[in-house]
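Colleague: Dropping in structure34.txt, with compact mmCIF, C-alpha atoms and all ligand atoms.
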# COMPACT_ATOMS: atom_id res chain seq x y z
CA MET A 107 0.00 0.00 0.00
CA ASN A 108 2.81 2.44 0.89
CA ARG A 109 4.37 2.75 -2.55
CA ASP A 110 6.73 5.46 -3.72
CA PHE A 111 5.47 8.02 -6.21
CA ALA A 112 7.11 6.50 -9.31
CA SER A 113 5.48 3.13 -8.73
CA ILE A 114 2.04 4.68 -8.04
CA GLN A 115 2.36 6.67 -11.26
CA ALA A 116 3.42 3.62 -13.27
CA LEU A 117 0.62 1.42 -11.90
CA THR A 118 -1.96 4.17 -12.54
CA GLY A 119 -0.65 4.58 -16.07
CA ARG A 120 -1.05 0.86 -16.76
CA HIS A 121 -4.29 -0.01 -14.99
CA VAL A 122 -6.46 3.00 -14.17
CA MET A 123 -8.74 4.33 -16.91
CA GLN A 124 -7.20 7.47 -18.25
CA THR A 125 -10.07 9.86 -17.52
CA TYR A 126 -8.02 12.33 -15.45
CA SER A 127 -5.08 14.59 -16.30
CA ARG A 128 -3.24 14.16 -13.03
CA LEU A 129 -0.61 16.39 -11.48
CA PRO A 130 2.63 14.61 -10.52
CA LEU A 131 1.79 14.24 -6.85
CA ALA A 132 0.33 11.63 -4.48
CA LEU A 133 -0.78 12.80 -1.03
CA VAL A 134 -0.59 10.35 1.83
CA ARG A 135 -1.13 12.29 5.06
CA GLY A 136 -2.95 15.40 6.21
CA GLU A 137 -3.46 17.52 9.30
CA GLY A 138 -5.66 20.60 9.32
CA ALA A 139 -4.89 22.67 6.23
CA ARG A 140 -1.64 20.81 5.51
CA VAL A 141 -0.89 17.65 3.54
CA TRP A 142 2.22 15.58 2.90
CA ASP A 143 3.20 13.68 -0.25
CA THR A 144 4.87 10.28 -0.71
CA GLU A 145 8.31 11.92 -0.49
CA GLY A 146 7.49 13.67 2.82
CA ARG A 147 7.10 17.14 1.26
CA GLN A 148 4.57 19.40 2.97
CA TYR A 149 1.90 21.55 1.25
CA LEU A 150 -0.75 24.02 2.29
CA ASP A 151 -3.90 22.49 0.86
CA PHE A 152 -6.00 25.19 -0.83
CA VAL A 153 -7.74 22.61 -3.02
CA GLY A 154 -9.26 20.63 -0.15
CA GLY A 155 -10.25 17.63 -2.26
CA LEU A 156 -12.24 20.07 -4.43
CA ALA A 157 -14.39 21.48 -1.62
CA VAL A 158 -14.74 18.17 0.22
CA ASN A 159 -12.30 18.64 3.11
CA SER A 160 -14.05 21.63 4.68
CA LEU A 161 -12.95 20.56 8.16
CA GLY A 162 -9.40 20.08 6.92
CA HIS A 163 -7.56 16.78 7.25
CA GLY A 164 -7.64 14.49 10.27
CA HIS A 165 -10.28 16.55 12.10
CA PRO A 166 -10.83 14.90 15.50
CA ALA A 167 -14.64 15.01 15.15
CA VAL A 168 -14.50 13.19 11.80
CA THR A 169 -11.93 10.67 12.99
CA ALA A 170 -13.93 9.93 16.16
CA ALA A 171 -17.18 9.58 14.19
CA ILE A 172 -15.54 7.13 11.76
CA ARG A 173 -14.15 5.05 14.64
CA GLU A 174 -17.47 5.08 16.46
CA ALA A 175 -19.48 4.29 13.32
CA ALA A 176 -17.28 1.23 12.71
CA ASP A 177 -18.66 -0.30 15.92
CA TYR A 178 -22.19 -0.32 14.49
CA VAL A 179 -23.46 -1.90 11.27
CA LEU A 180 -21.71 -0.26 8.30
CA HIS A 181 -24.43 -1.09 5.84
CA THR A 182 -27.86 -2.61 6.01
CA SER A 183 -30.26 -1.67 3.22
CA ASN A 184 -33.10 0.70 2.54
CA LEU A 185 -35.28 -2.41 2.85
CA TYR A 186 -35.14 -1.50 6.56
CA TYR A 187 -35.31 1.64 8.67
CA ILE A 188 -31.93 3.30 9.31
CA GLY A 189 -31.62 5.39 12.49
CA PRO A 190 -28.70 7.67 11.49
CA GLN A 191 -30.35 8.32 8.09
CA ALA A 192 -33.55 9.45 9.80
CA GLU A 193 -31.56 11.68 12.17
CA LEU A 194 -29.55 13.23 9.34
CA ALA A 195 -32.69 13.92 7.32
CA ALA A 196 -34.30 15.61 10.35
CA ARG A 197 -31.17 17.70 11.02
CA LEU A 198 -30.94 18.81 7.38
CA ALA A 199 -34.65 19.65 7.38
CA GLU A 200 -34.23 21.80 10.49
CA LEU A 201 -31.24 23.61 8.97
CA SER A 202 -32.53 24.06 5.40
CA GLY A 203 -36.28 24.41 5.88
CA LEU A 204 -36.79 21.63 3.30
CA GLU A 205 -38.70 18.86 4.99
CA ARG A 206 -37.56 15.71 3.18
CA ALA A 207 -34.27 14.14 2.08
CA PHE A 208 -33.18 11.46 -0.37
CA PHE A 209 -29.64 10.18 0.20
CA CYS A 210 -27.13 8.98 -2.37
CA ASN A 211 -23.35 8.94 -2.74
CA SER A 212 -22.19 11.88 -4.85
CA GLY A 213 -23.08 15.27 -6.27
CA ALA A 214 -24.06 13.92 -9.66
CA GLU A 215 -26.42 11.41 -8.05
CA ALA A 216 -27.99 14.13 -5.91
CA ASN A 217 -28.60 16.22 -9.05
CA GLU A 218 -29.84 13.20 -11.00
CA ALA A 219 -32.34 12.63 -8.18
CA ALA A 220 -33.35 16.31 -8.32
CA ILE A 221 -33.95 16.09 -12.07
CA LYS A 222 -36.01 12.92 -11.66
CA LEU A 223 -38.05 14.45 -8.83
CA ALA A 224 -38.73 17.60 -10.89
CA ARG A 225 -39.88 15.48 -13.84
CA ARG A 226 -42.14 13.38 -11.63
CA PHE A 227 -43.54 16.54 -10.09
CA GLY A 228 -44.12 17.98 -13.57
CA ARG A 229 -45.89 14.86 -14.77
CA ARG A 230 -48.08 14.63 -11.68
CA ALA A 231 -48.82 18.18 -10.63
CA GLY A 232 -47.82 20.08 -13.71
CA GLY A 233 -49.72 18.60 -16.63
CA GLY A 234 -46.76 16.78 -18.20
CA ARG A 235 -44.16 19.54 -17.89
CA TYR A 236 -40.56 18.27 -17.98
CA LYS A 237 -38.15 20.91 -19.29
CA ILE A 238 -35.47 22.33 -17.01
CA ILE A 239 -33.76 25.66 -17.65
CA CYS A 240 -30.07 25.63 -16.70
CA ALA A 241 -27.22 28.12 -17.01
CA ALA A 242 -24.55 28.25 -19.67
CA ASN A 243 -21.17 27.35 -18.18
CA SER A 244 -22.79 25.40 -15.32
CA PHE A 245 -21.57 22.09 -13.94
CA HIS A 246 -23.92 19.51 -12.44
CA GLY A 247 -22.11 16.17 -12.86
CA ARG A 248 -21.15 13.42 -15.29
CA THR A 249 -24.13 11.08 -15.47
CA LEU A 250 -26.07 11.39 -18.73
CA GLY A 251 -28.85 13.39 -17.06
CA THR A 252 -26.56 15.77 -15.20
CA LEU A 253 -24.35 16.15 -18.30
CA ALA A 254 -27.46 17.22 -20.19
CA ALA A 255 -28.03 19.83 -17.48
CA THR A 256 -24.37 20.92 -17.55
CA GLY A 257 -23.88 23.99 -19.73
CA GLN A 258 -20.35 23.24 -20.92
CA PRO A 259 -20.18 21.56 -24.34
CA LYS A 260 -16.64 20.22 -23.70
CA TYR A 261 -17.96 17.75 -21.11
CA ARG A 262 -20.78 16.57 -23.35
CA ALA A 263 -18.84 15.99 -26.56
CA GLY A 264 -18.96 12.40 -27.73
CA PHE A 265 -21.73 11.32 -25.35
CA GLU A 266 -24.70 12.48 -27.40
CA PRO A 267 -27.54 11.88 -27.71
CA LEU A 268 -28.15 13.12 -24.16
CA PRO A 269 -31.57 13.14 -22.49
CA GLU A 270 -33.61 15.96 -23.96
CA GLY A 271 -35.49 18.66 -22.11
CA PHE A 272 -32.64 20.91 -20.93
CA VAL A 273 -32.40 24.52 -22.07
CA HIS A 274 -29.37 26.71 -21.36
CA VAL A 275 -29.41 30.47 -20.86
CA PRO A 276 -26.63 32.92 -19.90
CA LEU A 277 -26.14 33.34 -16.14
CA ASN A 278 -27.28 36.61 -14.55
CA ASP A 279 -29.54 37.47 -17.49
CA LEU A 280 -33.10 37.46 -16.16
CA PRO A 281 -34.81 38.46 -19.44
CA ALA A 282 -33.07 35.52 -21.19
CA LEU A 283 -34.36 33.15 -18.52
CA ALA A 284 -37.87 34.60 -18.70
CA ALA A 285 -37.85 34.20 -22.49
CA ALA A 286 -36.85 30.52 -22.20
CA ILE A 287 -39.92 29.57 -20.11
CA ASP A 288 -42.62 27.76 -22.08
CA SER A 289 -45.65 25.62 -21.29
CA GLU A 290 -43.42 22.53 -20.85
CA THR A 291 -40.98 24.09 -18.37
CA VAL A 292 -41.04 22.51 -14.91
CA ALA A 293 -37.92 23.87 -13.20
CA VAL A 294 -34.90 26.15 -13.16
CA MET A 295 -31.62 24.61 -11.98
CA LEU A 296 -28.68 26.80 -10.91
CA GLU A 297 -25.52 26.85 -8.82
CA PRO A 298 -25.54 29.96 -6.56
CA VAL A 299 -21.85 30.27 -7.46
CA GLN A 300 -20.63 28.38 -10.53
CA GLY A 301 -17.57 26.60 -9.16
CA GLU A 302 -16.27 24.29 -11.87
CA GLY A 303 -17.22 26.93 -14.47
CA GLY A 304 -14.66 29.39 -13.06
CA VAL A 305 -16.12 30.85 -9.81
CA HIS A 306 -18.98 33.01 -11.10
CA PRO A 307 -21.55 34.02 -8.45
CA CYS A 308 -25.21 34.67 -9.23
CA LEU A 309 -25.86 38.39 -8.73
CA PRO A 310 -28.11 39.11 -5.71
CA ASP A 311 -30.98 40.53 -7.75
CA TYR A 312 -30.72 37.72 -10.29
CA LEU A 313 -31.46 34.87 -7.89
CA LYS A 314 -34.27 36.89 -6.28
CA GLY A 315 -35.69 37.55 -9.75
CA VAL A 316 -35.41 33.85 -10.65
CA ARG A 317 -37.33 32.92 -7.50
CA GLU A 318 -40.06 35.43 -8.41
CA LEU A 319 -40.26 34.10 -11.97
CA CYS A 320 -40.51 30.53 -10.65
CA ASP A 321 -43.33 31.54 -8.30
CA ARG A 322 -45.18 33.39 -11.05
CA HIS A 323 -44.98 30.45 -13.49
CA GLY A 324 -45.34 27.59 -10.98
CA LEU A 325 -41.76 26.36 -11.61
CA LEU A 326 -39.49 24.60 -9.15
CA LEU A 327 -36.24 26.29 -8.20
CA ILE A 328 -33.48 23.66 -7.90
CA LEU A 329 -30.27 24.94 -6.34
CA ASP A 330 -27.17 22.81 -6.77
CA GLU A 331 -25.16 23.48 -3.61
CA VAL A 332 -22.92 20.45 -4.04
CA GLN A 333 -19.94 22.82 -3.94
CA THR A 334 -21.33 25.94 -2.25
CA GLY A 335 -23.25 24.21 0.55
CA LEU A 336 -22.38 23.68 4.22
CA GLY A 337 -20.51 26.85 5.05
CA ARG A 338 -18.16 27.25 2.08
CA THR A 339 -19.56 30.65 0.99
CA GLY A 340 -19.84 32.17 4.47
CA ARG A 341 -23.41 31.02 5.18
CA LEU A 342 -24.49 27.44 5.87
CA PHE A 343 -26.26 27.45 2.51
CA ALA A 344 -25.36 29.93 -0.23
CA PHE A 345 -29.07 30.59 -0.84
CA GLU A 346 -29.15 32.43 2.51
CA HIS A 347 -27.06 35.25 0.96
CA TYR A 348 -29.85 35.87 -1.53
CA GLY A 349 -32.91 35.79 0.72
CA VAL A 350 -34.48 33.02 -1.35
CA ARG A 351 -35.27 29.38 -0.58
CA PRO A 352 -35.16 26.69 -3.26
CA ASP A 353 -37.82 23.99 -3.69
CA ILE A 354 -35.10 21.40 -4.21
CA LEU A 355 -31.53 21.59 -2.86
CA THR A 356 -28.62 19.27 -3.58
CA LEU A 357 -25.60 18.67 -1.34
CA ALA A 358 -22.59 16.35 -1.41
CA LYS A 359 -18.84 17.11 -1.23
CA ALA A 360 -18.36 18.46 2.34
CA LEU A 361 -21.32 16.69 3.93
CA ALA A 362 -19.40 13.79 5.48
CA GLY A 363 -15.90 15.32 5.51
CA GLY A 364 -14.54 12.98 2.81
CA VAL A 365 -16.77 9.93 3.26
CA PRO A 366 -18.90 9.74 0.08
CA ILE A 367 -22.47 10.95 0.47
CA GLY A 368 -24.97 13.03 -1.46
CA ALA A 369 -28.35 14.45 -0.46
CA MET A 370 -31.31 15.84 -2.35
CA LEU A 371 -33.68 17.84 -0.16
CA ALA A 372 -37.13 19.04 -1.14
CA ARG A 373 -40.22 20.75 0.14
CA GLU A 374 -42.88 18.36 1.41
CA GLU A 375 -45.28 19.07 -1.45
CA VAL A 376 -42.59 18.50 -4.08
CA ALA A 377 -41.15 15.41 -2.37
CA ALA A 378 -44.62 13.86 -2.51
CA ALA A 379 -44.06 13.23 -6.24
CA PHE A 380 -41.74 10.33 -5.25
CA GLU A 381 -43.58 7.24 -4.01
CA PRO A 382 -41.99 3.91 -2.92
CA GLY A 383 -40.07 2.45 -5.86
CA ALA A 384 -39.70 5.78 -7.70
CA HIS A 385 -35.99 6.14 -6.93
CA ALA A 386 -33.35 4.26 -4.94
CA SER A 387 -29.67 3.79 -4.15
CA THR A 388 -28.11 0.70 -2.56
CA PHE A 389 -25.55 2.67 -0.56
CA GLY A 390 -27.65 5.82 -0.22
CA GLY A 391 -28.16 6.88 3.39
CA ASN A 392 -26.08 4.03 4.82
CA PRO A 393 -25.52 4.17 8.59
CA PHE A 394 -21.76 4.72 8.27
CA ALA A 395 -21.86 7.80 6.01
CA CYS A 396 -24.85 9.27 7.88
CA ARG A 397 -23.18 8.99 11.31
CA VAL A 398 -20.10 10.77 9.95
CA ALA A 399 -22.25 13.43 8.26
CA LEU A 400 -24.06 14.11 11.55
CA ALA A 401 -20.70 14.72 13.25
CA VAL A 402 -19.55 16.99 10.40
CA LEU A 403 -22.78 19.02 10.54
CA ASP A 404 -22.52 19.34 14.34
CA THR A 405 -19.00 20.69 13.94
CA ILE A 406 -19.84 23.11 11.12
CA VAL A 407 -22.88 24.48 12.96
CA GLY A 408 -21.54 24.16 16.54
CA GLN A 409 -18.30 26.02 15.76
CA ASP A 410 -20.04 28.51 13.46
CA LEU A 411 -17.65 27.66 10.64
CA PRO A 412 -19.74 29.57 8.05
CA ALA A 413 -18.94 32.80 9.94
CA LYS A 414 -15.27 31.79 10.12
CA ALA A 415 -15.31 31.08 6.37
CA LYS A 416 -16.73 34.54 5.74
CA GLU A 417 -14.08 36.21 7.85
CA ALA A 418 -11.24 34.13 6.36
CA GLY A 419 -12.63 34.59 2.83
CA ASP A 420 -12.83 38.37 3.24
CA TYR A 421 -9.26 38.42 4.53
CA LEU A 422 -8.03 36.22 1.68
CA ARG A 423 -9.80 38.27 -1.00
CA ARG A 424 -8.46 41.54 0.45
CA GLY A 425 -4.96 40.05 0.26
CA LEU A 426 -5.54 38.86 -3.30
CA GLU A 427 -6.84 42.29 -4.32
CA ARG A 428 -3.70 43.91 -2.94
CA LEU A 429 -1.73 41.37 -4.91
CA ALA A 430 -3.78 42.09 -8.05
CA ALA A 431 -2.98 45.79 -7.67
CA ARG A 432 0.74 44.96 -7.67
CA LEU A 433 0.77 42.33 -10.42
CA ASP A 434 -0.50 42.95 -13.97
CA CYS A 435 -1.16 39.25 -14.48
CA VAL A 436 -4.18 39.17 -12.11
CA SER A 437 -7.23 40.76 -13.72
CA GLU A 438 -10.02 39.91 -11.26
CA VAL A 439 -10.67 38.43 -7.83
CA ARG A 440 -14.10 36.78 -7.47
CA GLY A 441 -16.01 34.56 -5.11
CA MET A 442 -17.82 34.24 -1.82
CA GLY A 443 -16.39 33.13 1.50
CA LEU A 444 -13.74 30.49 0.89
CA LEU A 445 -14.75 29.76 -2.70
CA VAL A 446 -12.38 32.14 -4.42
CA GLY A 447 -11.44 32.61 -8.07
CA LEU A 448 -8.55 34.53 -9.55
CA GLU A 449 -8.90 35.53 -13.19
CA LEU A 450 -5.47 35.74 -14.79
CA ALA A 451 -4.56 37.79 -17.81
CA GLY A 452 -3.56 35.14 -20.34
CA VAL A 453 -3.02 31.41 -20.27
CA LEU A 454 -1.16 31.31 -16.98
CA ALA A 455 -3.26 29.16 -14.65
CA PRO A 456 -1.55 25.76 -15.14
CA ARG A 457 1.88 27.39 -14.79
CA VAL A 458 0.92 29.25 -11.61
CA GLN A 459 -0.54 26.00 -10.23
CA ALA A 460 2.78 24.22 -10.88
CA GLU A 461 4.89 27.09 -9.48
CA ALA A 462 2.71 27.22 -6.34
CA GLN A 463 2.97 23.45 -5.90
CA SER A 464 6.77 23.56 -6.15
CA ARG A 465 6.70 26.21 -3.37
CA GLY A 466 4.40 24.18 -1.09
CA LEU A 467 0.90 25.45 -1.95
CA LEU A 468 -1.83 23.47 -3.71
CA VAL A 469 -4.28 25.53 -5.79
CA ASN A 470 -6.59 24.47 -8.62
CA ALA A 471 -6.26 25.70 -12.22
CA ILE A 472 -9.63 25.80 -14.02
CA GLY A 473 -8.89 25.85 -17.73
CA GLN A 474 -6.11 28.20 -18.78
CA SER A 475 -6.92 31.45 -17.01
CA VAL A 476 -8.68 30.85 -13.67
CA LEU A 477 -7.21 29.74 -10.36
CA ARG A 478 -9.64 28.40 -7.77
CA LEU A 479 -8.83 28.46 -4.05
CA LEU A 480 -10.82 26.19 -1.71
CA PRO A 481 -9.03 26.15 1.65
CA PRO A 482 -10.65 24.35 4.57
CA LEU A 483 -13.09 26.44 6.61
CA ILE A 484 -10.79 26.02 9.63
CA VAL A 485 -7.85 27.73 7.88
CA GLY A 486 -5.86 30.11 10.10
CA ARG A 487 -4.66 33.69 9.45
CA ASP A 488 -1.02 32.59 9.40
CA GLU A 489 -1.85 29.97 6.77
CA LEU A 490 -3.68 32.54 4.65
CA ASP A 491 -0.66 34.88 4.90
CA GLU A 492 1.67 32.06 3.95
CA ALA A 493 -0.50 31.13 0.95
CA LEU A 494 -0.64 34.75 -0.22
CA GLU A 495 3.14 34.98 -0.04
CA ILE A 496 3.64 31.76 -2.02
CA LEU A 497 0.99 32.77 -4.55
CA GLU A 498 2.68 36.10 -5.18
CA ALA A 499 6.00 34.35 -5.85
CA ALA A 500 4.28 31.74 -8.06
CA LEU A 501 2.47 34.40 -10.09
CA ALA A 502 5.68 36.37 -10.56
CA ALA A 503 7.59 33.26 -11.62
CA ALA A 504 4.85 32.09 -14.01
CA SER A 505 4.50 35.44 -15.73
CA ASN A 506 8.26 35.86 -16.32
C1 LIG A 601 -21.90 22.26 -8.42
C2 LIG A 601 -21.55 20.82 -8.63
N1 LIG A 601 -22.52 19.95 -8.88
C3 LIG A 601 -22.26 18.65 -9.07
C4 LIG A 601 -20.97 18.16 -9.01
C5 LIG A 601 -20.70 16.70 -9.24
O1 LIG A 601 -20.37 16.10 -8.03
P1 LIG A 601 -19.69 14.63 -8.02
O2 LIG A 601 -18.35 14.77 -8.65
O3 LIG A 601 -19.65 14.29 -6.56
O4 LIG A 601 -20.59 13.74 -8.78
C6 LIG A 601 -19.92 19.05 -8.74
C7 LIG A 601 -18.52 18.57 -8.72
O5 LIG A 601 -17.59 19.30 -8.83
C8 LIG A 601 -20.22 20.41 -8.56
O6 LIG A 601 -19.26 21.31 -8.30
Would you write the structure of this file as structure tokens?

Modeller:
Amino acid sequence: MNRDFASIQALTGRHVMQTYSRLPLALVRGEGARVWDTEGRQYLDFVGGLAVNSLGHGHPAVTAAIREAADYVLHTSNLYYIGPQAELAARLAELSGLERAFFCNSGAEANEAAIKLARRFGRRAGGGRYKIICAANSFHGRTLGTLAATGQPKYRAGFEPLPEGFVHVPLNDLPALAAAIDSETVAVMLEPVQGEGGVHPCLPDYLKGVRELCDRHGLLLILDEVQTGLGRTGRLFAFEHYGVRPDILTLAKALAGGVPIGAMLAREEVAAAFEPGAHASTFGGNPFACRVALAVLDTIVGQDLPAKAKEAGDYLRRGLERLAARLDCVSEVRGMGLLVGLELAGVLAPRVQAEAQSRGLLVNAIGQSVLRLLPPLIVGRDELDEALEILEAALAAASN
């Protein structure tokens, strides 16, 4: 199991399907915001497993919950009642205001469930309506349904024909969304902040306007908070920034601190469109993942990590803006809380990512010109200062 990097790379090259362009690095240990690779080198982790490790690495609450959960049944089946699943659903209902939950194992599955629920709702309550309006540049997952919802042609190429019934409109353009509504539309599906698409937040008036349009036309508002949910943006749910509540909400990534889980929450009246047999998942809502998720939620809420993420995110963005004022190669700083994007002038992102990595900081290049920063919500001031210093050196080196 404890191989050196060269042998991990060789084995991956021979036997793992080549669906990922991987960076030359294998991480084996983590503590808080820091990780160590196979060669013992240390990094500040501002990727956080792509918004999964919100509590950082080796958090005592997560470790204790995993140990404790191992003493109970790991898996039974949804043939039977599952105590921790019921408790997690109740906790999420109390926190989100959405009364019912369906559990699965990933973000794509949560969104697939949301799409299926919206279609069922449309067939039952909506006279056969099934179309879903999504945003250009969005990302909702890699199943055929969620790919059809995803507004980035590069992910869809070669997999057509995709399920029909998805319409894409530019983000933050309310008239375009209004014009796309027809008699077959059942829902609007959006990320409050497009993460994978390059860190583009919905404007405050836009999401409010979308909610009003949905209410006026009897449409469901589906918010994909797989990346933004659970404190990342400075509120427990990003929708709280906008003063709106969705009819359907999807969560995954941070929910069980690295143990796979996804959740699709819905209002009672909408959830009623699913009856026994309508949807299922063998692993969904298993006792192990649910126990860990309950511990993660207790920590996020109990320690008010959304407020800490806001404070840390404001501090980080102020530092990045100072940096942008000094360096021509940074053209914009965007984001909310600790979901931060840096727009670079030119095709610099992969080079900055590599320069930062060689200096002990992990950041994520999205395409050629955006850097995404996703530090854990527990990140400290000193770690933010250290990251800013490394980033400045990496940007300078990459633009030379
Ligand atoms: C907003 C959003 N939705 C859905 C997904 C898909 O989640 P998963 O990779 O767990 O299927 C992602 C993953 O990055 C995401 O950011």

Colleague: For Gly138 in chain A, find every residue with an atom within 10 Å (counting only C-alpha atoms), except residues of its own chain fewer than 5 positions away, and show them as JSON, numbers by chain.

Modeller: {"A": [150, 151, 159, 160, 161, 162, 163, 164, 165, 166, 482, 483, 484, 485, 486]}

Colleague: Write a file of the just-selected residues containing C-alpha atoms, as a PDB file, in the coordinates of the input.

Modeller:
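The resulting file, result-v7.pdb, is shown below:
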ATOM      1  CA  LEU A 150      -0.750  24.020   2.290  1.00  0.00           C
ATOM      2  CA  ASP A 151      -3.900  22.490   0.860  1.00  0.00           C
ATOM      3  CA  ASN A 159     -12.300  18.640   3.110  1.00  0.00           C
ATOM      4  CA  SER A 160     -14.050  21.630   4.680  1.00  0.00           C
ATOM      5  CA  LEU A 161     -12.950  20.560   8.160  1.00  0.00           C
ATOM      6  CA  GLY A 162      -9.400  20.080   6.920  1.00  0.00           C
ATOM      7  CA  HIS A 163      -7.560  16.780   7.250  1.00  0.00           C
ATOM      8  CA  GLY A 164      -7.640  14.490  10.270  1.00  0.00           C
ATOM      9  CA  HIS A 165     -10.280  16.550  12.100  1.00  0.00           C
ATOM     10  CA  PRO A 166     -10.830  14.900  15.500  1.00  0.00           C
ATOM     11  CA  PRO A 482     -10.650  24.350   4.570  1.00  0.00           C
ATOM     12  CA  LEU A 483     -13.090  26.440   6.610  1.00  0.00           C
ATOM     13  CA  ILE A 484     -10.790  26.020   9.630  1.00  0.00           C
ATOM     14  CA  VAL A 485      -7.850  27.730   7.880  1.00  0.00           C
ATOM     15  CA  GLY A 486      -5.860  30.110  10.100  1.00  0.00           C
TER      16      GLY A 486
END

Colleague: What's the 7 Å shell around range 466-479 of chain A, counting only C-alpha atoms, without same-chain residues fewer than 6 positions away, as an MDAnalysis selection string?

Modeller: chainID A and resid 148:153 304 445:456 459 493 496

Colleague: I'd like the contact shell of Cys210 in chain A - 12 Å cut-off, only C-alpha atoms, skipping same-chain residues fewer than 2 positions apart - returned as a VMD selection string.

Modeller: chain A and resid 184 191 207 to 208 212 to 220 356 to 359 361 365 to 371 385 to 392 395 to 396

Colleague: Quick one, how far is CA of Arg147 in chain A from CA of Glu302 in chain A?

Modeller: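 That distance, rounded to one decimal, is 27.7 Å.
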
Colleague: CA of Leu268 in chain A and CA of Leu250 in chain A are how many Å apart?

Modeller: 6.1 Å

Colleague: For each of A:Ala284, A:Ala112, A:Asp330, A:Arg341, take the minimum atom-to-atom distance to Gly315 in chain A, counting all atoms listed in the file, then give the residue where this is smallest.

Modeller: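 Comparing A:Ala284, A:Ala112, A:Asp330, A:Arg341 against Gly315 in chain A, the winner is A:Ala284.
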
Colleague: Can you tell me, as a PyMOL selection string, what residues are no more than 9 Å from Leu319 in chain A when counting all atoms listed in the file, ignoring any on the same chain fewer than 6 positions away?

Modeller: chain A and resi 280+283-284+325

Colleague: Any chance you could model N, CA and C atoms for range 122-135 of chain A and send them as a tab-separated table (two decimals), in the frame of the given file?

Modeller:
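Printed below is result25.tsv as written:
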chain	number	residue	atom	x	y	z
A	122	VAL	N	-5.30	2.16	-14.48
A	122	VAL	CA	-6.46	3.00	-14.17
A	122	VAL	C	-6.93	3.64	-15.47
A	123	MET	N	-8.24	3.69	-15.69
A	123	MET	CA	-8.74	4.33	-16.91
A	123	MET	C	-8.26	5.76	-16.97
A	124	GLN	N	-7.88	6.18	-18.13
A	124	GLN	CA	-7.20	7.47	-18.25
A	124	GLN	C	-8.21	8.61	-18.44
A	125	THR	N	-9.06	8.79	-17.42
A	125	THR	CA	-10.07	9.86	-17.52
A	125	THR	C	-9.61	11.15	-16.84
A	126	TYR	N	-8.48	11.12	-16.15
A	126	TYR	CA	-8.02	12.33	-15.45
A	126	TYR	C	-6.64	12.75	-15.95
A	127	SER	N	-6.44	14.09	-16.10
A	127	SER	CA	-5.08	14.59	-16.30
A	127	SER	C	-4.54	14.88	-14.92
A	128	ARG	N	-3.67	14.01	-14.42
A	128	ARG	CA	-3.24	14.16	-13.03
A	128	ARG	C	-1.97	14.97	-12.91
A	129	LEU	N	-1.86	15.68	-11.80
A	129	LEU	CA	-0.61	16.39	-11.48
A	129	LEU	C	0.36	15.38	-10.88
A	130	PRO	N	1.65	15.59	-11.02
A	130	PRO	CA	2.63	14.61	-10.52
A	130	PRO	C	2.79	14.66	-9.01
A	131	LEU	N	1.81	14.12	-8.31
A	131	LEU	CA	1.79	14.24	-6.85
A	131	LEU	C	0.84	13.19	-6.28
A	132	ALA	N	1.25	12.53	-5.20
A	132	ALA	CA	0.33	11.63	-4.48
A	132	ALA	C	0.40	12.00	-3.01
A	133	LEU	N	-0.74	12.35	-2.43
A	133	LEU	CA	-0.78	12.80	-1.03
A	133	LEU	C	-1.11	11.61	-0.13
A	134	VAL	N	-0.39	11.53	0.97
A	134	VAL	CA	-0.59	10.35	1.83
A	134	VAL	C	-1.01	10.69	3.26
A	135	ARG	N	-0.82	11.94	3.67
A	135	ARG	CA	-1.13	12.29	5.06
A	135	ARG	C	-1.61	13.73	5.11
